[in-house]
$ cat protein30.cif   # mmCIF, C-alpha atoms
data_input
#
loop_
_atom_site.label_atom_id
_atom_site.label_comp_id
_atom_site.auth_asym_id
_atom_site.auth_seq_id
_atom_site.Cartn_x
_atom_site.Cartn_y
_atom_site.Cartn_z
CA MET A 40 218.00 150.65 -96.57
CA SER A 41 215.70 148.11 -98.24
CA THR A 42 214.37 145.10 -96.35
CA PRO A 43 216.42 141.93 -97.04
CA THR A 44 214.74 139.36 -99.26
CA VAL A 45 214.37 135.71 -98.26
CA SER A 46 217.40 134.77 -100.39
CA GLN A 47 219.45 137.56 -98.81
CA ARG A 48 218.56 136.31 -95.35
CA TRP A 49 219.62 132.82 -96.39
CA LEU A 50 222.85 134.26 -97.75
CA ARG A 51 223.61 135.96 -94.46
CA GLY A 52 222.87 132.79 -92.54
CA PHE A 53 225.14 130.70 -94.74
CA CYS A 54 227.93 133.27 -94.38
CA ILE A 55 227.79 132.97 -90.58
CA PHE A 56 227.68 129.18 -90.87
CA ALA A 57 230.68 129.24 -93.22
CA ILE A 58 232.72 131.30 -90.74
CA ILE A 59 232.01 128.76 -88.00
CA LEU A 60 232.90 125.90 -90.35
CA ALA A 61 236.11 127.63 -91.47
CA ALA A 62 237.11 128.12 -87.83
CA GLY A 63 236.53 124.40 -87.28
CA VAL A 64 238.53 123.47 -90.38
CA ILE A 65 241.48 125.63 -89.27
CA THR A 66 241.39 124.21 -85.75
CA LEU A 67 241.13 120.62 -86.97
CA GLY A 68 243.85 121.22 -89.55
CA ALA A 69 246.18 122.54 -86.85
CA TRP A 70 245.28 119.64 -84.57
CA THR A 71 245.99 117.13 -87.35
CA ARG A 72 249.29 118.75 -88.29
CA LEU A 73 250.54 119.26 -84.73
CA SER A 74 249.53 115.79 -83.55
CA ASP A 75 251.62 114.30 -86.39
CA ALA A 76 248.53 112.84 -88.05
CA GLY A 77 249.03 114.58 -91.39
CA LEU A 78 249.80 111.25 -93.04
CA GLY A 79 247.29 109.30 -90.96
CA CYS A 80 245.56 108.70 -94.28
CA PRO A 81 248.23 108.27 -96.98
CA ASP A 82 245.73 108.45 -99.85
CA TRP A 83 243.10 110.97 -100.97
CA PRO A 84 240.15 111.66 -100.82
CA GLY A 85 239.48 108.47 -98.89
CA CYS A 86 241.54 106.81 -96.18
CA TYR A 87 243.08 103.49 -97.18
CA GLY A 88 240.41 103.39 -99.86
CA HIS A 89 237.51 104.15 -97.50
CA LEU A 90 235.45 107.33 -97.16
CA ASP A 91 234.04 106.09 -93.84
CA VAL A 92 236.68 106.62 -91.14
CA ARG A 93 235.30 103.67 -89.15
CA LYS A 94 236.08 101.32 -92.02
CA ALA A 95 239.53 102.88 -92.34
CA ILE A 96 240.23 102.21 -88.65
CA GLU A 97 239.04 98.63 -89.04
CA HIS A 98 241.26 98.19 -92.10
CA VAL A 99 244.35 99.54 -90.30
CA ASN A 100 243.78 97.41 -87.19
CA THR A 101 243.16 94.25 -89.22
CA THR A 102 246.22 94.80 -91.40
CA ASN A 103 248.46 95.56 -88.43
CA GLU A 104 247.31 92.34 -86.75
CA THR A 105 248.30 90.22 -89.76
CA GLU A 106 251.33 92.33 -90.69
CA PRO A 107 252.46 94.10 -87.48
CA GLY A 108 253.51 97.71 -88.01
CA SER A 109 252.84 97.72 -91.75
CA LEU A 110 250.39 100.64 -91.53
CA ARG A 111 250.29 103.82 -89.44
CA GLU A 112 248.44 104.03 -86.13
CA ALA A 113 244.68 103.66 -86.56
CA HIS A 114 243.89 106.59 -84.25
CA LYS A 115 245.67 108.99 -86.62
CA THR A 116 243.07 108.37 -89.30
CA VAL A 117 240.40 110.10 -87.19
CA PRO A 118 241.68 113.74 -87.11
CA GLU A 119 242.65 113.55 -90.77
CA MET A 120 239.27 112.28 -91.98
CA VAL A 121 237.23 114.53 -89.67
CA HIS A 122 239.22 117.45 -91.04
CA ARG A 123 238.33 116.35 -94.57
CA TYR A 124 234.63 116.02 -93.66
CA PHE A 125 234.59 119.57 -92.30
CA ALA A 126 236.56 120.93 -95.27
CA SER A 127 234.19 119.27 -97.75
CA THR A 128 231.18 120.73 -95.95
CA LEU A 129 232.82 124.15 -96.02
CA GLY A 130 233.41 123.83 -99.76
CA LEU A 131 229.75 122.97 -100.36
CA THR A 132 228.67 125.89 -98.16
CA ILE A 133 230.83 128.33 -100.11
CA ILE A 134 229.31 127.10 -103.39
CA ILE A 135 225.83 127.71 -101.95
CA ILE A 136 226.94 131.21 -100.92
CA ALA A 137 228.12 131.88 -104.47
CA VAL A 138 224.80 130.67 -105.91
CA LEU A 139 222.81 132.87 -103.52
CA SER A 140 225.07 135.81 -104.33
CA PHE A 141 224.39 135.29 -108.03
CA ILE A 142 220.64 135.19 -107.36
CA ASN A 143 220.90 138.49 -105.48
CA ARG A 144 223.39 140.06 -107.89
CA LYS A 145 221.01 142.89 -108.87
CA ARG A 146 220.47 143.97 -105.29
CA GLU A 147 222.29 147.12 -104.18
CA LYS A 148 225.85 146.52 -102.95
CA GLN A 149 225.54 142.76 -103.35
CA PRO A 150 229.07 141.30 -103.64
CA LEU A 151 229.54 138.71 -106.38
CA LYS A 152 233.25 138.72 -107.28
CA LEU A 153 234.28 137.85 -103.73
CA PRO A 154 232.00 134.77 -103.43
CA LEU A 155 233.17 133.54 -106.84
CA PHE A 156 236.79 134.05 -105.79
CA LEU A 157 236.08 132.06 -102.62
CA VAL A 158 234.80 129.17 -104.75
CA ALA A 159 238.05 129.19 -106.73
CA LEU A 160 240.05 129.46 -103.52
CA VAL A 161 238.33 126.55 -101.80
CA ILE A 162 238.87 124.38 -104.91
CA PHE A 163 242.56 125.28 -104.83
CA GLN A 164 242.56 124.49 -101.10
CA GLY A 165 241.22 121.05 -101.91
CA ILE A 166 244.05 120.53 -104.40
CA LEU A 167 246.60 121.68 -101.81
CA GLY A 168 245.03 119.29 -99.31
CA MET A 169 245.46 116.45 -101.78
CA TRP A 170 249.08 117.43 -102.48
CA THR A 171 249.78 117.71 -98.76
CA VAL A 172 249.09 113.99 -98.48
CA THR A 173 250.29 112.70 -101.85
CA MET A 174 253.53 114.68 -101.63
CA GLY A 175 254.27 113.47 -98.11
CA LEU A 176 253.87 116.75 -96.18
CA GLN A 177 256.17 118.76 -98.46
CA PRO A 178 256.82 121.90 -96.33
CA THR A 179 255.96 124.50 -98.96
CA ILE A 180 252.67 122.77 -99.76
CA VAL A 181 251.83 122.50 -96.06
CA MET A 182 252.58 126.20 -95.55
CA LEU A 183 250.50 127.22 -98.57
CA HIS A 184 247.63 125.03 -97.34
CA LEU A 185 247.73 126.81 -93.99
CA LEU A 186 247.82 130.23 -95.65
CA GLY A 187 244.92 129.22 -97.88
CA GLY A 188 242.85 128.24 -94.86
CA PHE A 189 243.59 131.53 -93.11
CA THR A 190 242.74 133.43 -96.29
CA THR A 191 239.45 131.58 -96.67
CA PHE A 192 238.41 132.37 -93.10
CA THR A 193 239.38 136.04 -93.38
CA LEU A 194 237.61 136.53 -96.70
CA LEU A 195 234.48 134.89 -95.31
CA VAL A 196 234.56 137.36 -92.41
CA LEU A 197 234.97 140.20 -94.91
CA LEU A 198 232.13 138.88 -97.09
CA THR A 199 229.85 138.60 -94.06
CA ALA A 200 230.61 142.21 -93.15
CA ARG A 201 229.70 143.23 -96.68
CA VAL A 202 226.43 141.30 -96.89
CA TYR A 203 225.40 142.73 -93.51
CA ARG A 204 226.62 146.15 -94.74
CA TRP A 205 228.74 146.57 -91.66
CA PRO A 206 229.51 149.17 -90.44
CA SER A 207 226.37 151.12 -91.26
CA PHE A 208 226.67 154.35 -89.29
CA LEU A 209 228.74 157.50 -89.80
CA ASN A 210 231.26 159.14 -87.52
CA ASP A 211 234.94 159.60 -86.69
CA CYS A 212 236.70 159.65 -90.04
CA ASP A 213 239.83 161.03 -88.41
CA VAL A 214 241.10 157.45 -88.26
CA ARG A 215 241.64 157.46 -92.03
CA MET A 216 245.20 158.58 -91.23
CA LEU A 217 245.81 155.16 -89.69
CA LYS A 218 245.37 153.19 -92.91
CA PRO A 219 249.12 153.11 -93.80
CA ILE A 220 250.21 151.71 -90.43
CA ALA A 221 247.21 149.37 -90.34
CA SER A 222 248.13 148.03 -93.79
CA LEU A 223 251.78 147.65 -92.75
CA THR A 224 250.70 145.76 -89.62
CA LEU A 225 248.46 143.52 -91.70
CA ALA A 226 251.35 142.72 -94.06
CA ALA A 227 253.62 141.93 -91.11
CA VAL A 228 251.00 139.62 -89.58
CA ILE A 229 250.61 137.77 -92.89
CA LEU A 230 254.39 137.29 -93.17
CA GLN A 231 254.55 136.15 -89.54
CA ILE A 232 251.78 133.61 -90.17
CA ALA A 233 253.73 132.32 -93.17
CA LEU A 234 256.83 132.05 -90.96
CA GLY A 235 254.77 130.19 -88.38
CA GLY A 236 253.56 127.80 -91.05
CA TRP A 237 257.12 127.30 -92.25
CA THR A 238 258.26 126.65 -88.67
CA ALA A 239 255.54 124.05 -88.13
CA SER A 240 255.93 122.33 -91.50
CA ASN A 241 259.69 121.93 -90.93
CA TYR A 242 259.20 120.72 -87.34
CA ALA A 243 261.26 123.63 -86.03
CA ALA A 244 258.97 124.58 -83.13
CA VAL A 245 261.30 122.99 -80.57
CA ALA A 246 264.57 124.03 -82.22
CA CYS A 247 264.96 126.71 -79.54
CA THR A 248 263.89 125.92 -76.00
CA GLU A 249 265.11 129.03 -74.19
CA LEU A 250 263.97 132.65 -74.04
CA PRO A 251 264.14 135.35 -75.30
CA VAL A 252 265.78 134.21 -78.56
CA CYS A 253 267.42 130.78 -78.36
CA GLU A 254 270.15 128.83 -76.60
CA GLU A 255 273.52 130.47 -76.08
CA GLY A 256 275.54 130.72 -79.27
CA TRP A 257 272.50 130.72 -81.56
CA GLN A 258 274.15 133.42 -83.70
CA ASP A 259 276.82 130.94 -84.77
CA ARG A 260 274.28 128.33 -85.80
CA LEU A 261 272.29 130.39 -88.30
CA ASN A 262 272.09 128.95 -91.81
CA PHE A 263 269.78 130.89 -94.11
CA GLU A 264 270.85 129.03 -97.23
CA ASP A 265 269.33 125.75 -96.05
CA ALA A 266 266.56 127.19 -93.88
CA PHE A 267 264.50 128.58 -96.72
CA ILE A 268 264.67 125.96 -99.44
CA PHE A 269 261.11 125.91 -100.73
CA TRP A 270 261.53 123.13 -103.27
CA GLY A 271 263.96 120.39 -104.18
CA HIS A 272 265.03 119.25 -100.69
CA GLU A 273 267.67 116.54 -100.81
CA HIS A 274 266.86 113.76 -98.36
CA ASP A 275 266.69 109.99 -98.09
CA LYS A 276 263.29 109.73 -96.39
CA PRO A 277 260.15 108.56 -98.22
CA ASP A 278 258.29 111.67 -97.00
CA TYR A 279 258.79 114.89 -95.01
CA GLU A 280 257.17 113.76 -91.75
CA PHE A 281 259.17 114.99 -88.72
CA GLY A 282 261.27 117.16 -91.03
CA VAL A 283 264.33 116.72 -93.21
CA LEU A 284 266.35 119.85 -92.33
CA HIS A 285 269.38 119.78 -90.07
CA ASN A 286 269.35 121.51 -86.69
CA GLU A 287 271.06 124.71 -87.85
CA ALA A 288 268.41 125.30 -90.50
CA ARG A 289 265.59 124.64 -88.03
CA THR A 290 267.20 126.99 -85.52
CA THR A 291 267.34 129.71 -88.17
CA ILE A 292 263.66 129.29 -89.01
CA HIS A 293 262.69 129.39 -85.33
CA VAL A 294 264.79 132.48 -84.61
CA MET A 295 263.31 134.31 -87.60
CA HIS A 296 259.83 133.49 -86.33
CA ARG A 297 260.71 135.01 -82.98
CA PHE A 298 262.10 138.16 -84.58
CA GLY A 299 258.94 138.30 -86.68
CA ALA A 300 256.92 138.17 -83.47
CA LEU A 301 258.90 141.14 -82.17
CA VAL A 302 258.17 143.16 -85.32
CA VAL A 303 254.45 142.32 -85.18
CA THR A 304 254.34 143.23 -81.49
CA LEU A 305 255.88 146.65 -82.09
CA LEU A 306 253.58 147.38 -85.03
CA VAL A 307 250.41 146.29 -83.23
CA LEU A 308 251.36 148.36 -80.18
CA ALA A 309 252.02 151.37 -82.42
CA LEU A 310 248.68 150.90 -84.16
CA VAL A 311 246.85 150.54 -80.83
CA ALA A 312 248.48 153.70 -79.50
CA LYS A 313 247.59 155.67 -82.63
CA ILE A 314 243.97 154.45 -82.54
CA LEU A 315 243.60 155.54 -78.93
CA LEU A 316 245.15 158.92 -79.72
CA ARG A 317 243.20 159.56 -82.94
CA ALA A 318 239.82 157.88 -82.49
CA ARG A 319 236.99 159.76 -80.87
CA SER A 320 234.36 157.02 -81.02
CA MET A 321 234.28 153.87 -78.89
CA PHE A 322 233.65 151.94 -82.09
CA PHE A 323 237.27 152.39 -83.16
CA ARG A 324 238.71 152.49 -79.64
CA ASN A 325 237.23 149.03 -79.09
CA PHE A 326 239.32 147.80 -82.03
CA ALA A 327 242.40 148.96 -80.13
CA PHE A 328 241.41 147.04 -77.02
CA VAL A 329 240.63 143.88 -79.02
CA LEU A 330 243.95 144.08 -80.88
CA LEU A 331 245.84 144.60 -77.64
CA GLY A 332 244.04 141.68 -75.99
CA LEU A 333 244.75 139.36 -78.91
CA LEU A 334 248.41 140.40 -78.93
CA VAL A 335 248.80 139.66 -75.20
CA VAL A 336 247.10 136.27 -75.57
CA GLN A 337 249.20 135.38 -78.61
CA LEU A 338 252.46 136.31 -76.89
CA ALA A 339 251.46 134.29 -73.83
CA LEU A 340 250.66 131.28 -76.02
CA GLY A 341 253.96 131.63 -77.88
CA ILE A 342 255.94 131.78 -74.64
CA SER A 343 253.98 128.80 -73.29
CA ASN A 344 254.90 126.81 -76.40
CA VAL A 345 258.57 127.40 -75.63
CA MET A 346 258.37 126.82 -71.86
CA PHE A 347 256.23 123.66 -72.04
CA SER A 348 257.63 122.10 -75.26
CA VAL A 349 254.69 122.87 -77.56
CA PRO A 350 251.65 121.33 -75.83
CA LEU A 351 249.09 120.36 -78.45
CA ASP A 352 246.21 122.46 -77.12
CA VAL A 353 248.43 125.54 -76.68
CA ALA A 354 249.88 125.16 -80.17
CA VAL A 355 246.41 124.85 -81.71
CA ALA A 356 245.24 127.93 -79.78
CA HIS A 357 248.33 129.84 -80.97
CA ASN A 358 247.37 128.94 -84.52
CA PHE A 359 243.75 130.04 -84.07
CA VAL A 360 244.46 133.37 -82.35
CA ALA A 361 246.70 134.26 -85.29
CA VAL A 362 243.82 133.98 -87.76
CA ILE A 363 241.54 135.99 -85.46
CA LEU A 364 244.16 138.75 -85.30
CA LEU A 365 244.38 138.69 -89.09
CA ALA A 366 240.61 138.95 -89.49
CA ILE A 367 240.31 141.82 -86.98
CA LEU A 368 242.93 143.83 -88.85
CA VAL A 369 241.07 143.28 -92.13
CA LEU A 370 237.81 144.41 -90.51
CA PHE A 371 239.52 147.48 -89.08
CA ILE A 372 240.79 148.52 -92.51
CA ARG A 373 237.34 147.90 -93.99
CA ALA A 374 235.76 150.05 -91.28
CA ILE A 375 238.13 152.90 -92.12
CA ASN A 376 237.37 152.64 -95.84
CA VAL A 377 233.60 152.27 -95.49
CA LYS A 378 233.20 155.04 -92.99
CA CYS A 379 235.31 157.53 -94.88
CA ALA A 380 233.63 156.71 -98.17
CA MET A 381 230.21 157.19 -96.55
CA ARG A 382 231.22 160.30 -94.66
CA SER A 383 232.70 162.24 -97.54
CA PRO A 384 229.39 163.41 -99.11
CA ARG A 385 228.42 165.03 -95.83
CA GLN A 386 231.76 166.75 -95.67
CA GLU A 387 230.98 168.21 -99.08
CA GLY A 388 227.73 169.75 -97.81
CA ASP A 389 225.25 166.93 -98.30
CA PRO A 390 222.54 167.63 -95.68
CA SER A 391 221.44 163.97 -95.48
#
$ encode --input "protein30.cif" --output "structure tokens"
Amino acid sequence: MSTPTVSQRWLRGFCIFAIILAAGVITLGAWTRLSDAGLGCPDWPGCYGHLDVRKAIEHVNTTNETEPGSLREAHKTVPEMVHRYFASTLGLTIIIIAVLSFINRKREKQPLKLPLFLVALVIFQGILGMWTVTMGLQPTIVMLHLLGGFTTFTLLVLLTARVYRWPSFLNDCDVRMLKPIASLTLAAVILQIALGGWTASNYAAVACTELPVCEEGWQDRLNFEDAFIFWGHEHDKPDYEFGVLHNEARTTIHVMHRFGALVVTLLVLALVAKILLRARSMFFRNFAFVLLGLLVVQLALGISNVMFSVPLDVAVAHNFVAVILLAILVLFIRAINVKCAMRSPRQEGDPS
């Protein structure tokens, strides 16, 4: 393997930095959404016409003194604008990554399509962020914005693995048989994340306050027709803050999220069991332990949300562990593909 050039080392450094930034953006986005500060700044890209959040706070306080209650609470401008600062920095970092990838495009195994796709994705994320505000927290836009953030983080993790050429050693290709169930588990996790986003964007997190499914008689309150209207909601409110769906629709969304959690749990447990049965190396067995640990933590956070009426810090952690689980599954599938692709020449008699 050739020694990395200066630009390649910079690329690797920016990839790590971008992952940290993306984690911050996701956490701040969840904090903003779950603290009901999504419309803390009703305009975009500034806040009440100001890019400096301190000036926005001053503007809100001054206006509310002269016209009491005419603007939203000043403190809600802070999480929204800090989130935008982080997101803007992440966008700039991804552009730098794409430029460095282009500079290194002739180097062996240097990814270029993925960094360029990330640039397009982060631009689309910016548009979704604008629509989230200008369209008054429209649930479908909010859900897509969340999915876009999760996708950005996961692809940055994947890109970092590629620029570091991870994994780089050869052994234990017996796990190739696990790709179908790993892919199915990944698909289920993505759908469950979308359901979680739909639950949050429709303010359905507290629609059910009992375990294991919902309050008694929940079966009679299901309404799928109204629960999954993705566009054209009929309502009299100026925006979608605090939701516009009736209780039956919110109950349906919440119940489906719980059933989704059950499906994900069964699939992750099946994948963990198969890894431990098939894998000979600790490299892959460690994936099983990490997946199991994340599953336990995520279930505990989900139960805590129900038992303690969605505490902000628990809800944010529940959001973040979901994206970590997603990223680990993507890395696991990459490890299977890379290892088997690298191992196959030796299986054909290559003495190297």
$ resolve_selection --input "protein30.cif" --expression "the PyMOL selection byres ((chain A and resi 143-150) around 9)" --output "PyMOL selection string"
chain A and resi 41+44+46-47+138-142+151-154+198+201-202+204
$ residues_around --input "protein30.cif" --residues "stretch 110-113 of chain A" --least-positions-apart "2" --cutoff "6 Å" --atoms "only C-alpha atoms" --output "VMD selection string"
chain A and resid 96 99 108 115 to 116
$ residues_around --input "protein30.cif" --residues "A:Leu73" --least-positions-apart "4" --cutoff "9 Å" --atoms "all atoms listed in the file" --output "PDB file with C-alpha atoms, in the coordinates of the input"
ATOM      1  CA  GLY A  68     243.850 121.220 -89.550  1.00  0.00           C
ATOM      2  CA  ALA A  69     246.180 122.540 -86.850  1.00  0.00           C
ATOM      3  CA  GLY A  77     249.030 114.580 -91.390  1.00  0.00           C
ATOM      4  CA  ALA A 239     255.540 124.050 -88.130  1.00  0.00           C
ATOM      5  CA  LEU A 351     249.090 120.360 -78.450  1.00  0.00           C
ATOM      6  CA  ALA A 354     249.880 125.160 -80.170  1.00  0.00           C
ATOM      7  CA  VAL A 355     246.410 124.850 -81.710  1.00  0.00           C
TER       8      VAL A 355
END
$ residues_around --input "protein30.cif" --residues "A:Pro277" --least-positions-apart "2" --cutoff "8 Å" --atoms "only C-alpha atoms" --output "PyMOL selection string"
chain A and resi 175+275+279
$ write_last_selection --input "protein30.cif" --atoms "C-alpha atoms" --output "JSON list (two decimals), in the frame of the given file"
[["chain", "number", "residue", "atom", "x", "y", "z"],
["A", 175, "GLY", "CA", 254.27, 113.47, -98.11],
["A", 275, "ASP", "CA", 266.69, 109.99, -98.09],
["A", 279, "TYR", "CA", 258.79, 114.89, -95.01]]
$ resolve_selection --input "protein30.cif" --expression "the PyMOL selection byres ((chain A and resi 236) around 8)" --output "ChimeraX atom specification"
/A:181-182,185-186,232-235,237-240
$ write_last_selection --input "protein30.cif" --atoms "C-alpha atoms" --output "short mmCIF file (atom, residue, chain, number, x, y, z; two decimals), keeping the file's coordinate frame"
data_model
loop_
_atom_site.label_atom_id
_atom_site.label_comp_id
_atom_site.auth_asym_id
_atom_site.auth_seq_id
_atom_site.Cartn_x
_atom_site.Cartn_y
_atom_site.Cartn_z
CA VAL A 181 251.83 122.50 -96.06
CA MET A 182 252.58 126.20 -95.55
CA LEU A 185 247.73 126.81 -93.99
CA LEU A 186 247.82 130.23 -95.65
CA ILE A 232 251.78 133.61 -90.17
CA ALA A 233 253.73 132.32 -93.17
CA LEU A 234 256.83 132.05 -90.96
CA GLY A 235 254.77 130.19 -88.38
CA TRP A 237 257.12 127.30 -92.25
CA THR A 238 258.26 126.65 -88.67
CA ALA A 239 255.54 124.05 -88.13
CA SER A 240 255.93 122.33 -91.50
#
$ resolve_selection --input "protein30.cif" --expression "the PyMOL selection byres ((chain A and resi 278) around 10)" --output "number ranges by chain"
A: 78, 172-177, 274-277, 279-283
$ closest_residue --input "protein30.cif" --among "A:Ile180, A:Ile314, A:Ala200, A:Leu230" --to "A:Phe269" --atoms "only C-alpha atoms"
A:Ile180
$ atom_distance --input "protein30.cif" --atom1 "atom CA of A:Cys86" --atom2 "atom CA of A:Pro118"
11.4 Å
$ residues_around --input "protein30.cif" --residues "A:Gly188" --least-positions-apart "5" --cutoff "8 Å" --atoms "only C-alpha atoms" --output "list in words"
Ala61, Val64, Ile65 and Gln164 of chain A
$ residues_near_point --input "protein30.cif" --point "(246.0, 151.5, -96.3)" --cutoff "12 Å" --atoms "all atoms listed in the file" --output "ChimeraX atom specification"
/A:214-226,368-369,371-376
$ write_last_selection --input "protein30.cif" --atoms "C-alpha atoms" --output "PDB file, keeping the file's coordinate frame"
ATOM      1  CA  VAL A 214     241.100 157.450 -88.260  1.00  0.00           C
ATOM      2  CA  ARG A 215     241.640 157.460 -92.030  1.00  0.00           C
ATOM      3  CA  MET A 216     245.200 158.580 -91.230  1.00  0.00           C
ATOM      4  CA  LEU A 217     245.810 155.160 -89.690  1.00  0.00           C
ATOM      5  CA  LYS A 218     245.370 153.190 -92.910  1.00  0.00           C
ATOM      6  CA  PRO A 219     249.120 153.110 -93.800  1.00  0.00           C
ATOM      7  CA  ILE A 220     250.210 151.710 -90.430  1.00  0.00           C
ATOM      8  CA  ALA A 221     247.210 149.370 -90.340  1.00  0.00           C
ATOM      9  CA  SER A 222     248.130 148.030 -93.790  1.00  0.00           C
ATOM     10  CA  LEU A 223     251.780 147.650 -92.750  1.00  0.00           C
ATOM     11  CA  THR A 224     250.700 145.760 -89.620  1.00  0.00           C
ATOM     12  CA  LEU A 225     248.460 143.520 -91.700  1.00  0.00           C
ATOM     13  CA  ALA A 226     251.350 142.720 -94.060  1.00  0.00           C
ATOM     14  CA  LEU A 368     242.930 143.830 -88.850  1.00  0.00           C
ATOM     15  CA  VAL A 369     241.070 143.280 -92.130  1.00  0.00           C
ATOM     16  CA  PHE A 371     239.520 147.480 -89.080  1.00  0.00           C
ATOM     17  CA  ILE A 372     240.790 148.520 -92.510  1.00  0.00           C
ATOM     18  CA  ARG A 373     237.340 147.900 -93.990  1.00  0.00           C
ATOM     19  CA  ALA A 374     235.760 150.050 -91.280  1.00  0.00           C
ATOM     20  CA  ILE A 375     238.130 152.900 -92.120  1.00  0.00           C
ATOM     21  CA  ASN A 376     237.370 152.640 -95.840  1.00  0.00           C
TER      22      ASN A 376
END
$ atom_distance --input "protein30.cif" --atom1 "atom CA of A:Val311" --atom2 "atom CA of A:Ala327"
4.8 Å
$ residues_near_point --input "protein30.cif" --point "(248.4, 147.1, -80.4)" --cutoff "9 Å" --atoms "all atoms listed in the file" --output "PyMOL selection string"
chain A and resi 304-314+327-334
$ closest_residue --input "protein30.cif" --among "A:Tyr242, A:Glu106, A:His122, A:Cys54" --to "A:Asp75" --atoms "all atoms listed in the file"
A:Tyr242
$ atom_distance --input "protein30.cif" --atom1 "atom CA of A:Ala318" --atom2 "atom CA of A:Ile367"
16.7 Å
$ residues_around --input "protein30.cif" --residues "A:Ala361" --least-positions-apart "4" --cutoff "10 Å" --atoms "all atoms listed in the file" --output "list in words"
Phe189, Val228, Ile229, Gln231, Ile232, Gly235, Leu333, Leu334, Val336, Gln337, Ala356, His357, Leu365 and Ala366 of chain A
$ closest_residue --input "protein30.cif" --among "A:Pro84, A:Gly63, A:Pro350, A:Gly187" --to "A:Leu129" --atoms "all atoms listed in the file"
A:Gly63
$ closest_residue --input "protein30.cif" --among "A:Ile166, A:Ala227, A:Val302, A:Ala126" --to "A:Thr191" --atoms "all atoms listed in the file"
A:Ala126
$ decode --input "protein30.cif" --residues "stretch 191-203 of chain A" --atoms "N, CA and C atoms" --output "short mmCIF file (atom, residue, chain, number, x, y, z; two decimals), in the first residue's frame"
data_model
loop_
_atom_site.label_atom_id
_atom_site.label_comp_id
_atom_site.auth_asym_id
_atom_site.auth_seq_id
_atom_site.Cartn_x
_atom_site.Cartn_y
_atom_site.Cartn_z
N THR A 191 -26.70 11.43 5.49
CA THR A 191 -25.44 12.16 5.40
C THR A 191 -24.41 11.59 6.37
N PHE A 192 -24.81 11.39 7.62
CA PHE A 192 -23.90 10.84 8.62
C PHE A 192 -23.40 9.46 8.21
N THR A 193 -24.32 8.60 7.79
CA THR A 193 -23.95 7.23 7.44
C THR A 193 -23.02 7.18 6.24
N LEU A 194 -23.29 8.01 5.23
CA LEU A 194 -22.43 8.02 4.05
C LEU A 194 -21.06 8.61 4.37
N LEU A 195 -21.00 9.54 5.30
CA LEU A 195 -19.69 10.06 5.73
C LEU A 195 -18.88 8.98 6.44
N VAL A 196 -19.55 8.16 7.25
CA VAL A 196 -18.88 7.04 7.90
C VAL A 196 -18.37 6.07 6.85
N LEU A 197 -19.20 5.78 5.85
CA LEU A 197 -18.81 4.87 4.78
C LEU A 197 -17.64 5.45 3.98
N LEU A 198 -17.69 6.74 3.67
CA LEU A 198 -16.61 7.38 2.92
C LEU A 198 -15.31 7.32 3.71
N THR A 199 -15.38 7.57 5.01
CA THR A 199 -14.19 7.52 5.85
C THR A 199 -13.58 6.13 5.85
N ALA A 200 -14.43 5.11 5.91
CA ALA A 200 -13.94 3.73 5.84
C ALA A 200 -13.22 3.49 4.51
N ARG A 201 -13.75 4.07 3.45
CA ARG A 201 -13.14 3.86 2.13
C ARG A 201 -11.81 4.61 2.00
N VAL A 202 -11.74 5.84 2.48
CA VAL A 202 -10.49 6.58 2.33
C VAL A 202 -9.39 6.02 3.24
N TYR A 203 -9.78 5.39 4.33
CA TYR A 203 -8.81 4.71 5.20
C TYR A 203 -8.58 3.27 4.75
#
